[in-house]
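Shown next: start-v2.cif, containing mmCIF, C-alpha atoms.
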data_work
#
loop_
_atom_site.label_atom_id
_atom_site.label_comp_id
_atom_site.auth_asym_id
_atom_site.auth_seq_id
_atom_site.Cartn_x
_atom_site.Cartn_y
_atom_site.Cartn_z
CA MET A 14 76.33 35.63 53.50
CA HIS A 15 74.32 35.01 56.67
CA SER A 16 73.82 37.32 59.58
CA PRO A 17 74.28 35.74 63.02
CA GLU A 18 70.55 35.91 63.80
CA LYS A 19 69.60 34.30 60.49
CA ARG A 20 67.35 31.25 60.70
CA TYR A 21 68.45 28.41 58.46
CA PRO A 22 65.93 26.11 56.78
CA SER A 23 65.66 22.61 58.17
CA TYR A 24 68.31 20.93 56.07
CA VAL A 25 67.49 17.51 57.52
CA ALA A 26 63.83 17.92 56.52
CA ILE A 27 64.91 18.82 52.96
CA TRP A 28 67.17 15.73 52.92
CA ALA A 29 64.17 13.63 54.03
CA TRP A 30 62.07 15.08 51.18
CA LEU A 31 64.87 14.27 48.74
CA MET A 32 64.84 10.67 49.96
CA VAL A 33 61.04 10.48 49.58
CA LEU A 34 61.34 11.83 46.03
CA LEU A 35 64.05 9.27 45.25
CA GLY A 36 61.67 6.55 46.47
CA LEU A 37 58.96 7.97 44.20
CA SER A 38 61.33 7.87 41.19
CA LEU A 39 62.06 4.20 41.85
CA ALA A 40 58.34 3.47 42.34
CA PHE A 41 57.45 4.99 38.97
CA VAL A 42 59.68 2.39 37.29
CA VAL A 43 57.81 -0.59 38.77
CA LEU A 44 54.25 0.82 38.91
CA PRO A 45 52.03 0.07 35.87
CA PHE A 46 52.43 3.42 34.09
CA SER A 47 52.96 3.76 30.37
CA HIS A 48 56.61 4.33 29.43
CA LEU A 49 55.94 7.94 28.43
CA ALA A 50 54.08 8.68 31.68
CA ALA A 51 56.86 7.07 33.74
CA VAL A 52 59.52 9.11 31.92
CA VAL A 53 57.61 12.37 32.46
CA LEU A 54 57.05 11.58 36.15
CA ILE A 55 60.67 10.49 36.75
CA PHE A 56 62.13 13.63 35.18
CA GLY A 57 59.52 15.81 36.88
CA VAL A 58 60.66 14.41 40.22
CA ALA A 59 64.33 14.92 39.21
CA ALA A 60 63.59 18.57 38.42
CA ILE A 61 61.90 19.03 41.82
CA LYS A 62 64.91 17.45 43.56
CA ALA A 63 67.30 19.75 41.67
CA LEU A 64 65.20 22.80 42.58
CA LEU A 65 65.12 21.78 46.26
CA ILE A 66 68.92 21.54 46.32
CA ALA A 67 69.43 24.78 44.39
CA ARG A 68 66.95 26.80 46.46
CA HIS A 69 67.80 25.50 49.93
CA TYR A 70 71.25 23.90 49.94
CA MET A 71 72.77 26.35 47.41
CA HIS A 72 70.72 29.22 48.90
CA LEU A 73 69.62 30.36 45.45
CA ARG A 74 66.42 31.87 46.83
CA GLU A 75 68.49 34.35 48.86
CA GLN A 76 70.71 35.40 45.96
CA PRO A 77 70.36 38.61 43.93
CA TRP A 78 68.84 38.56 40.44
CA MET A 79 72.24 38.45 38.78
CA ILE A 80 73.01 35.00 40.23
CA HIS A 81 69.66 33.75 38.93
CA VAL A 82 70.59 35.03 35.47
CA ILE A 83 74.07 33.46 35.63
CA ALA A 84 72.59 30.11 36.72
CA GLY A 85 69.49 30.19 34.50
CA VAL A 86 70.83 31.25 31.10
CA PRO A 87 73.07 28.18 30.50
CA VAL A 88 70.25 25.87 31.60
CA LEU A 89 67.94 27.50 29.03
CA LEU A 90 70.69 27.32 26.38
CA ALA A 91 71.26 23.59 27.01
CA ILE A 92 67.50 22.86 26.84
CA GLY A 93 67.18 25.08 23.76
CA MET A 94 70.04 23.29 22.02
CA ALA A 95 68.38 19.90 22.56
CA LEU A 96 64.99 21.18 21.38
CA ALA A 97 66.51 22.84 18.31
CA LEU A 98 68.15 19.58 17.27
CA ILE A 99 65.09 17.35 17.76
CA PRO A 100 63.77 18.03 14.21
CA ASP A 101 67.06 16.69 12.89
CA ILE A 102 66.17 13.33 14.45
CA ALA A 103 62.38 13.40 14.16
CA LEU A 104 62.23 14.50 10.50
CA ARG A 105 64.95 12.16 9.31
CA PRO A 106 63.84 10.19 6.23
CA MET B 22 85.87 50.85 43.24
CA THR B 23 88.19 50.98 46.23
CA ALA B 24 91.94 50.84 45.89
CA THR B 25 93.51 47.40 46.33
CA MET B 26 95.51 47.01 49.54
CA PRO B 27 97.96 44.24 50.40
CA ALA B 28 96.63 41.64 52.86
CA THR B 29 98.46 42.25 56.10
CA SER B 30 96.40 40.12 58.47
CA SER B 31 93.78 37.41 58.54
CA GLU B 32 91.12 40.07 59.05
CA GLU B 33 92.31 41.89 55.94
CA LEU B 34 92.34 38.63 53.95
CA GLU B 35 88.78 37.91 55.09
CA ARG B 36 87.72 41.43 54.12
CA LEU B 37 89.19 41.01 50.65
CA GLU B 38 87.53 37.61 50.17
CA THR B 39 84.07 38.67 51.20
CA ALA B 40 83.98 42.37 50.34
CA PRO B 41 81.03 43.06 48.05
CA ARG B 42 81.99 44.62 44.73
CA GLU B 43 79.91 47.38 43.26
CA LEU B 44 78.36 45.09 40.64
CA ALA B 45 75.22 43.67 42.28
CA ALA B 46 76.97 43.84 45.68
CA LEU B 47 78.16 40.25 45.35
CA PRO B 48 81.12 38.77 47.22
CA VAL B 49 83.56 38.17 44.40
CA GLY B 50 84.24 34.56 45.40
CA ARG B 51 80.57 33.63 45.28
CA ALA B 52 80.02 35.37 41.94
CA GLY B 53 83.09 33.60 40.54
CA MET B 54 81.86 30.20 41.68
CA TRP B 55 78.44 30.76 40.08
CA TRP B 56 80.14 31.78 36.81
CA PHE B 57 82.20 28.59 36.96
CA LEU B 58 79.08 26.49 37.61
CA ALA B 59 77.37 28.18 34.64
CA SER B 60 80.20 26.98 32.39
CA GLU B 61 79.85 23.51 33.91
CA VAL B 62 76.12 23.52 33.08
CA MET B 63 77.08 23.97 29.42
CA VAL B 64 79.57 21.06 29.62
CA PHE B 65 77.11 18.60 31.16
CA GLY B 66 74.11 20.13 29.36
CA GLY B 67 75.75 19.59 25.99
CA LEU B 68 76.69 16.02 26.89
CA ILE B 69 73.18 15.21 28.18
CA ALA B 70 71.53 16.78 25.12
CA SER B 71 73.82 14.76 22.83
CA TYR B 72 72.94 11.57 24.74
CA VAL B 73 69.18 12.20 24.54
CA LEU B 74 69.29 12.93 20.81
CA SER B 75 71.56 9.95 20.06
CA ARG B 76 69.28 7.70 22.07
CA PHE B 77 66.22 8.86 20.11
CA ALA B 78 68.12 8.29 16.87
CA ALA B 79 69.22 4.79 17.96
CA GLY B 80 65.73 3.67 18.98
CA GLY B 81 66.09 3.86 22.77
CA TRP B 82 69.03 1.56 23.61
CA ALA B 83 66.63 -0.60 25.69
CA ALA B 84 68.75 -3.76 25.39
CA GLU B 85 71.92 -1.99 26.50
CA ARG B 86 70.26 -0.17 29.39
CA ALA B 87 69.00 -3.51 30.78
CA HIS B 88 72.60 -4.29 31.78
CA VAL B 89 73.30 -1.30 34.04
CA ASN B 90 73.02 -1.77 37.79
CA ALA B 91 70.18 0.51 38.97
CA ARG B 92 70.45 -0.79 42.56
CA LEU B 93 74.06 0.36 42.96
CA ALA B 94 73.18 3.66 41.27
CA ALA B 95 70.27 4.20 43.70
CA ILE B 96 72.65 3.57 46.62
CA ASN B 97 75.03 6.13 45.10
CA THR B 98 72.15 8.63 44.86
CA VAL B 99 71.48 8.20 48.59
CA ILE B 100 75.21 8.67 49.30
CA LEU B 101 75.54 11.83 47.21
CA VAL B 102 72.32 13.45 48.47
CA THR B 103 73.44 12.72 52.04
CA SER B 104 76.81 14.30 51.29
CA SER B 105 74.96 17.46 50.21
CA LEU B 106 73.42 17.51 53.69
CA THR B 107 76.83 17.14 55.36
CA ILE B 108 78.52 19.87 53.28
CA VAL B 109 75.69 22.33 53.97
CA GLN B 110 76.06 21.53 57.68
CA ALA B 111 79.79 22.29 57.32
CA HIS B 112 78.85 25.65 55.79
CA VAL B 113 76.48 26.44 58.69
CA ALA B 114 79.17 25.46 61.20
CA ALA B 115 81.78 27.60 59.40
CA GLU B 116 79.42 30.60 59.43
CA ALA B 117 78.93 30.02 63.15
CA LYS B 118 82.75 29.92 63.49
CA ASN B 119 82.56 26.42 64.94
CA GLN B 120 85.87 24.86 63.86
CA GLN B 121 85.23 21.36 65.23
CA ARG B 122 81.82 20.92 63.61
CA THR B 123 83.09 22.35 60.32
CA ARG B 124 85.92 19.81 60.23
CA LEU B 125 83.58 16.96 61.26
CA PHE B 126 81.13 17.65 58.44
CA LEU B 127 83.89 18.24 55.89
CA PHE B 128 85.37 14.89 56.86
CA LEU B 129 81.98 13.16 56.55
CA THR B 130 81.55 14.72 53.11
CA VAL B 131 84.95 13.41 52.04
CA LEU B 132 84.05 9.93 53.30
CA LEU B 133 80.74 9.96 51.44
CA GLY B 134 82.47 11.18 48.27
CA LEU B 135 84.96 8.32 48.52
CA ALA B 136 82.10 5.87 49.15
CA PHE B 137 80.41 7.13 45.97
CA LEU B 138 83.61 6.63 43.96
CA GLY B 139 84.23 3.19 45.48
CA ASN B 140 80.70 2.11 44.64
CA LYS B 141 81.05 3.47 41.11
CA GLY B 142 84.35 1.63 40.67
CA TYR B 143 82.71 -1.62 41.80
CA GLU B 144 79.90 -1.02 39.31
CA TYR B 145 82.39 -0.34 36.49
CA ALA B 146 84.30 -3.53 37.33
CA GLY B 147 81.13 -5.63 37.01
CA GLU B 148 80.20 -4.07 33.69
CA ILE B 149 83.69 -4.38 32.22
CA ALA B 150 83.89 -8.02 33.38
CA HIS B 151 80.76 -8.70 31.29
CA GLY B 152 82.31 -7.09 28.23
CA TYR B 153 80.48 -3.76 28.43
CA THR B 154 83.47 -1.55 27.81
CA LEU B 155 83.77 1.96 26.41
CA SER B 156 83.84 0.62 22.86
CA ALA B 157 80.93 -1.82 23.27
CA GLY B 158 78.50 0.55 21.54
CA GLY B 159 76.99 4.02 21.48
CA PHE B 160 75.19 3.67 24.81
CA TRP B 161 78.29 2.48 26.63
CA GLY B 162 80.37 5.27 25.14
CA PHE B 163 77.95 7.86 26.53
CA TYR B 164 77.59 5.93 29.80
CA TYR B 165 81.32 5.94 30.54
CA ALA B 166 81.81 9.50 29.26
CA MET B 167 79.03 10.97 31.40
CA THR B 168 79.57 8.94 34.58
CA GLY B 169 83.37 9.18 34.18
CA LEU B 170 83.32 12.97 33.81
CA HIS B 171 80.96 13.19 36.76
CA GLY B 172 83.21 10.89 38.78
CA LEU B 173 86.19 13.14 38.06
CA HIS B 174 84.15 16.07 39.38
CA VAL B 175 83.39 14.11 42.54
CA LEU B 176 87.10 13.33 42.90
CA ALA B 177 87.98 17.04 42.50
CA GLY B 178 85.39 17.90 45.17
CA VAL B 179 86.87 15.30 47.52
CA VAL B 180 90.34 16.84 47.07
CA VAL B 181 89.04 20.37 47.73
CA ASN B 182 87.05 19.29 50.78
CA LEU B 183 90.06 17.40 52.11
CA ALA B 184 92.26 20.49 51.62
CA LEU B 185 89.69 22.57 53.52
CA PHE B 186 89.56 19.93 56.26
CA PHE B 187 93.30 20.29 56.83
CA ALA B 188 93.24 24.07 56.40
CA PHE B 189 90.62 24.32 59.14
CA GLY B 190 92.91 22.41 61.48
CA GLY B 191 95.47 25.20 61.57
CA ARG B 192 95.64 28.82 62.58
CA GLY B 193 93.98 31.38 60.36
CA TRP B 194 91.02 29.12 59.50
CA HIS B 195 88.69 31.91 60.51
CA ALA B 196 89.86 34.01 57.56
CA ILE B 197 89.09 31.32 54.98
CA ARG B 198 85.80 30.04 56.42
CA HIS B 199 83.85 31.47 53.46
CA ARG B 200 85.61 29.01 51.19
CA VAL B 201 83.41 26.28 52.67
CA GLU B 202 80.41 28.01 51.09
CA TYR B 203 82.09 28.01 47.65
CA ALA B 204 83.20 24.38 47.98
CA GLY B 205 79.63 23.56 49.02
CA LEU B 206 78.18 25.25 45.92
CA TYR B 207 80.41 23.10 43.74
CA TRP B 208 79.52 19.93 45.64
CA HIS B 209 75.77 20.60 45.39
CA PHE B 210 76.16 21.17 41.65
CA VAL B 211 77.84 17.77 41.31
CA ASP B 212 74.89 16.30 43.23
CA VAL B 213 72.38 18.01 40.90
CA VAL B 214 74.18 16.61 37.83
CA TRP B 215 73.91 13.07 39.29
CA ILE B 216 70.21 13.63 40.00
CA PHE B 217 69.72 13.90 36.22
CA LEU B 218 72.27 11.25 35.19
CA PHE B 219 70.60 8.65 37.43
CA PRO B 220 67.21 8.61 35.62
CA LEU B 221 68.79 9.23 32.21
CA LEU B 222 71.09 6.19 32.38
CA TYR B 223 69.36 3.85 34.83
CA LEU B 224 65.61 4.47 35.11
CA ALA B 225 63.95 6.01 32.07
#
Written form, structure tokens:
Amino acid sequence: MHSPEKRYPSYVAIWAWLMVLLGLSLAFVVLPFSHLAAVVLIFGVAAIKALLIARHYMHLREQPWMIHVIAGVPVLLAIGMALALIPDIALRP
Amino acid sequence: MTATMPATSSEELERLETAPRELAALPVGRAGMWWFLASEVMVFGGLIASYVLSRFAAGGWAAERAHVNARLAAINTVILVTSSLTIVQAHVAAEAKNQQRTRLFLFLTVLLGLAFLGNKGYEYAGEIAHGYTLSAGGFWGFYYAMTGLHGLHVLAGVVVNLALFFAFGGRGWHAIRHRVEYAGLYWHFVDVVWIFLFPLLYLA
């Protein structure tokens, strides 16, 4: 996967960013945001954390397009399934 | 495609494990692991989607969620994210053919995985002692199903990392060093799942 002269990203720096983002998630719970704003911010931070791990720790950014398709399609299907079922809840009499 | 040859040496085994196939020039082990993770996304994705929709339908489960221990869960998040750092360091060490560092970081990852499970067990014990069992309601059913399934994945990762730790102690470790990368992919995926379970069950 890696040639001997390859430079690795600073994994410790990424870990530190993940810790900062965790702190932010916890802060959003106690700061005076509306519930909806807090939820959006918390899950936005979770998505950033997941992307950091996928791109750097799982080396997704170095992978060919086929790996991106393999990883991305089920994520889209899972999100799509939830979105498709929301009307079943929202439009319930 | 090239003809399949029997593995006669560690070099041949390594060649077979890492040889790119014609399709997208991917090492077959890495492609297989990503396919496996894709199926795992559907397992956890379906469970998470069901939880979100059931929660909307039930009005939010605010009273039930007030009884989970967010402090212990935050500690577990720190533990699991840190274990992602140690397993990626094991991968770097394995690529550099540094046996000692690979074993050290695999061992640290195993310890952190066990710490996560121990902490989760302590959390479960507190909740069960207060009567919040699997059958205590819709929220608790989802809570134990999602965290329990995730915990089983952590346990499986611990077993694999422990097996690699011992495998790297013997001769021929050089030929299987790429397996650390695949074990790492799995472990990071388990971390990513927790990153979404934590806010879903404890924060939002």
Task: Close residues, A:Ala84 itself excluded, 8 Å, only C-alpha atoms, min 5 positions apart in chain, as a PyMOL selection string - done: chain B and resi 55-56+58-59
Selection export as a compact mmCIF listing (two decimals), keeping the file's coordinate frame, atoms kept: C-alpha atoms:
# COMPACT_ATOMS: atom_id res chain seq x y z
CA TRP B 55 78.44 30.76 40.08
CA TRP B 56 80.14 31.78 36.81
CA LEU B 58 79.08 26.49 37.61
CA ALA B 59 77.37 28.18 34.64
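If you apply the PyMOL selection byres ((chain A) within 6 of (chain B)) to this structure, you end up with Val52, Ala63, Met71, Ala84, Pro87, Ala91, Ala95 and Ile102 of chain A.
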- [ ] Select, from A:Gly93, A:Arg74, A:His81, A:Gly57, the residue with the minimum atom-to-atom distance to A:Leu35, counting only C-alpha atoms.
- [x] A:Gly57
Task: Distance in Å - atom CA of B:Leu125 versus atom CA of A:Val25 - done: 16.5 Å
TODO: Given the file shown, enumerate the residues that the PyMOL selection byres ((chain B and resi 130-147) around 8) captures and present them as JSON, numbers by chain.
DONE: {"B": [90, 93, 94, 97, 100, 101, 103, 104, 105, 107, 108, 126, 127, 128, 129, 148, 149, 150, 151, 172, 175, 176, 178, 179, 182, 183]}
Residues from the last selection, C-alpha atoms, saved as a PDB file, keeping the file's coordinate frame:
ATOM      1  CA  ASN B  90      73.020  -1.770  37.790  1.00  0.00           C
ATOM      2  CA  LEU B  93      74.060   0.360  42.960  1.00  0.00           C
ATOM      3  CA  ALA B  94      73.180   3.660  41.270  1.00  0.00           C
ATOM      4  CA  ASN B  97      75.030   6.130  45.100  1.00  0.00           C
ATOM      5  CA  ILE B 100      75.210   8.670  49.300  1.00  0.00           C
ATOM      6  CA  LEU B 101      75.540  11.830  47.210  1.00  0.00           C
ATOM      7  CA  THR B 103      73.440  12.720  52.040  1.00  0.00           C
ATOM      8  CA  SER B 104      76.810  14.300  51.290  1.00  0.00           C
ATOM      9  CA  SER B 105      74.960  17.460  50.210  1.00  0.00           C
ATOM     10  CA  THR B 107      76.830  17.140  55.360  1.00  0.00           C
ATOM     11  CA  ILE B 108      78.520  19.870  53.280  1.00  0.00           C
ATOM     12  CA  PHE B 126      81.130  17.650  58.440  1.00  0.00           C
ATOM     13  CA  LEU B 127      83.890  18.240  55.890  1.00  0.00           C
ATOM     14  CA  PHE B 128      85.370  14.890  56.860  1.00  0.00           C
ATOM     15  CA  LEU B 129      81.980  13.160  56.550  1.00  0.00           C
ATOM     16  CA  GLU B 148      80.200  -4.070  33.690  1.00  0.00           C
ATOM     17  CA  ILE B 149      83.690  -4.380  32.220  1.00  0.00           C
ATOM     18  CA  ALA B 150      83.890  -8.020  33.380  1.00  0.00           C
ATOM     19  CA  HIS B 151      80.760  -8.700  31.290  1.00  0.00           C
ATOM     20  CA  GLY B 172      83.210  10.890  38.780  1.00  0.00           C
ATOM     21  CA  VAL B 175      83.390  14.110  42.540  1.00  0.00           C
ATOM     22  CA  LEU B 176      87.100  13.330  42.900  1.00  0.00           C
ATOM     23  CA  GLY B 178      85.390  17.900  45.170  1.00  0.00           C
ATOM     24  CA  VAL B 179      86.870  15.300  47.520  1.00  0.00           C
ATOM     25  CA  ASN B 182      87.050  19.290  50.780  1.00  0.00           C
ATOM     26  CA  LEU B 183      90.060  17.400  52.110  1.00  0.00           C
TER      27      LEU B 183
END
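Remark: for A:Leu31, the closest of the candidate residues A:Ile66, A:Ile92, A:Leu49, A:Ile55 is A:Ile66 (distances computed over only C-alpha atoms).
Among the candidates B:Ala204, B:Leu222, B:Met54, B:Ile96, the residue lying nearest to B:Thr168 is B:Leu222 (atoms considered: all atoms listed in the file).
This file, filtered with the PyMOL selection byres ((chain A and resi 37) around 12), gives the residues Trp30, Leu31, Met32, Val33, Leu34, Leu35, Gly36, Ser38, Leu39, Ala40, Phe41, Val42, Val43, Leu44, Ala51, Leu54, Ile55, Phe56, Gly57, Val58, Ala59, Ile61 and Lys62 of chain A; Ala95, Pro220 and Leu224 of chain B.
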Task: Separation of atom CA of B:Leu155 from atom CA of A:Ala103, in Å and rounded to one decimal - done: 27.2 Å
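Atom CA of B:Gln120 sits 11.2 Å away from atom CA of B:Phe187.
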